[in-house]
Amino acid sequence: RRFWNGLVGKRIHEASDVGQTLGALTEAALGGGTHSGEIEIGDRVVTVTITACRNSEDEVSGTTGFGLDVTELRTAERLVTSRDQQLRLLVDTALDAVVTCDTESVILDWNREAEELFGWTRAEACGRSLTETIVPPDLREAHSAGMKRYLETGKGPVLGRRIEIEAVDREGRRFPVELGINPIPTNDGLRFSAFLRDISERVAQEQRLIGSEYR
């Protein structure tokens, strides 16, 4: 309020740096129409909207406006952005391949380890069907049936635990992976995050040990 009282009786352009912004919005509004902008007043952030006033002959005779304090909103947005950036960093530096999809099995996120493991870049993978990207052909029907069953019943025998299964990369190479899937409710709907790790070396070693026992 102290700031606004300081503007009374002054040309708005001359009031302060904030007044310069208000003056520019006012000049624009005097040309007709409505114009908005954000200004900082001390530690507050205010969205200002200024619109032209017209007389009985439909001529612009002045302006009127209002301000909306959006400080808490901008602070919340910064916190969300910071949290998203931290989450992005955690996902990108994870030792496992991390793949996120929606209920239609459309890939929404794909970290760096997934790029290395499957041969698709994030830009190439996102928007593709998970089923046609990393699921072997003979397992695709089972994947689709499992997704449908979960959406209908809320139950999924492979969710929330690690299992061993096979995946396929861009070149068609089929290999064993350790897989963990978790459903994640979001404001944009249900998502599924899968954590995958190539266990080809471990499986090969186990097979060698089993083979040696029969020699």
# chains A, B, ... in the order shown; residues from 1 in each chain; ligands from 1
>>> select_by_dssp(residues="stretch 53-184 of chain A", states="strand (DSSP E or B)", output="PyMOL selection string")
chain A and resi 53-54+60-69+97-102+106-110+129+159+162-168+174-184
>>> residues_around(residues="A:Glu113", least_positions_apart="4", cutoff="7 Å", atoms="only C-alpha atoms", output="PyMOL selection string")
chain A and resi 95-97+117
>>> write_last_selection(atoms="N, CA, C and O atoms", output="PDB file, in the first residue's frame")
ATOM      1  N   LEU A  95      21.705 -45.798 -11.798  1.00  0.00           N
ATOM      2  CA  LEU A  95      22.462 -46.901 -12.382  1.00  0.00           C
ATOM      3  C   LEU A  95      21.566 -47.810 -13.214  1.00  0.00           C
ATOM      4  O   LEU A  95      22.053 -48.529 -14.087  1.00  0.00           O
ATOM      5  N   ASP A  96      20.272 -47.799 -12.939  1.00  0.00           N
ATOM      6  CA  ASP A  96      19.312 -48.589 -13.711  1.00  0.00           C
ATOM      7  C   ASP A  96      18.760 -47.760 -14.860  1.00  0.00           C
ATOM      8  O   ASP A  96      18.737 -46.522 -14.810  1.00  0.00           O
ATOM      9  N   ALA A  97      18.289 -48.458 -15.891  1.00  0.00           N
ATOM     10  CA  ALA A  97      17.504 -47.788 -16.926  1.00  0.00           C
ATOM     11  C   ALA A  97      16.138 -47.482 -16.316  1.00  0.00           C
ATOM     12  O   ALA A  97      15.518 -48.347 -15.707  1.00  0.00           O
ATOM     13  N   LEU A 117      21.259 -48.728 -22.733  1.00  0.00           N
ATOM     14  CA  LEU A 117      20.848 -50.126 -22.705  1.00  0.00           C
ATOM     15  C   LEU A 117      20.076 -50.533 -23.953  1.00  0.00           C
ATOM     16  O   LEU A 117      20.292 -51.626 -24.501  1.00  0.00           O
TER      17      LEU A 117
END
>>> select_by_dssp(residues="stretch 120-162 of chain A", states="alpha helix (DSSP H)", output="PyMOL selection string")
chain A and resi 122-125+130-133+140-153
>>> closest_atom_pairs(of="stretch 96-152 of chain A", to="stretch 164-182 of chain A", cutoff="12 Å", atoms="only C-alpha atoms", output="JSON lines")
{"residue": "A:Asp96", "atom": "CA", "partner": "A:Glu178", "partner_atom": "CA", "distance": 9.5}
{"residue": "A:Ala97", "atom": "CA", "partner": "A:Leu179", "partner_atom": "CA", "distance": 9.6}
{"residue": "A:Val98", "atom": "CA", "partner": "A:Gly180", "partner_atom": "CA", "distance": 9.7}
{"residue": "A:Val99", "atom": "CA", "partner": "A:Ile181", "partner_atom": "CA", "distance": 9.4}
{"residue": "A:Thr100", "atom": "CA", "partner": "A:Ile181", "partner_atom": "CA", "distance": 9.3}
{"residue": "A:Cys101", "atom": "CA", "partner": "A:Ile181", "partner_atom": "CA", "distance": 10.5}
{"residue": "A:Asp102", "atom": "CA", "partner": "A:Asn182", "partner_atom": "CA", "distance": 11.8}
{"residue": "A:Ala114", "atom": "CA", "partner": "A:Asp169", "partner_atom": "CA", "distance": 9.8}
{"residue": "A:Glu115", "atom": "CA", "partner": "A:Asp169", "partner_atom": "CA", "distance": 9.8}
{"residue": "A:Glu116", "atom": "CA", "partner": "A:Asp169", "partner_atom": "CA", "distance": 9.8}
{"residue": "A:Leu117", "atom": "CA", "partner": "A:Asp169", "partner_atom": "CA", "distance": 7.2}
{"residue": "A:Phe118", "atom": "CA", "partner": "A:Asp169", "partner_atom": "CA", "distance": 4.3}
{"residue": "A:Gly119", "atom": "CA", "partner": "A:Arg170", "partner_atom": "CA", "distance": 5.4}
{"residue": "A:Trp120", "atom": "CA", "partner": "A:Arg170", "partner_atom": "CA", "distance": 6.5}
{"residue": "A:Thr121", "atom": "CA", "partner": "A:Arg170", "partner_atom": "CA", "distance": 10.3}
{"residue": "A:Glu124", "atom": "CA", "partner": "A:Arg170", "partner_atom": "CA", "distance": 10.9}
{"residue": "A:Ala125", "atom": "CA", "partner": "A:Arg170", "partner_atom": "CA", "distance": 10.2}
{"residue": "A:Leu130", "atom": "CA", "partner": "A:Ala167", "partner_atom": "CA", "distance": 10.8}
{"residue": "A:Thr131", "atom": "CA", "partner": "A:Ala167", "partner_atom": "CA", "distance": 10.1}
{"residue": "A:Glu132", "atom": "CA", "partner": "A:Val168", "partner_atom": "CA", "distance": 9.4}
{"residue": "A:Thr133", "atom": "CA", "partner": "A:Arg170", "partner_atom": "CA", "distance": 7.2}
{"residue": "A:Ile134", "atom": "CA", "partner": "A:Val168", "partner_atom": "CA", "distance": 4.8}
{"residue": "A:Val135", "atom": "CA", "partner": "A:Ala167", "partner_atom": "CA", "distance": 5.3}
{"residue": "A:Pro136", "atom": "CA", "partner": "A:Val168", "partner_atom": "CA", "distance": 5.6}
{"residue": "A:Pro137", "atom": "CA", "partner": "A:Val168", "partner_atom": "CA", "distance": 8.9}
{"residue": "A:Asp138", "atom": "CA", "partner": "A:Glu166", "partner_atom": "CA", "distance": 10.4}
{"residue": "A:Leu139", "atom": "CA", "partner": "A:Glu166", "partner_atom": "CA", "distance": 8.7}
{"residue": "A:Arg140", "atom": "CA", "partner": "A:Ala167", "partner_atom": "CA", "distance": 10.6}
{"residue": "A:His143", "atom": "CA", "partner": "A:Ile165", "partner_atom": "CA", "distance": 11.5}
{"residue": "A:Met147", "atom": "CA", "partner": "A:Ile181", "partner_atom": "CA", "distance": 11.6}
{"residue": "A:Tyr150", "atom": "CA", "partner": "A:Asn182", "partner_atom": "CA", "distance": 11.8}
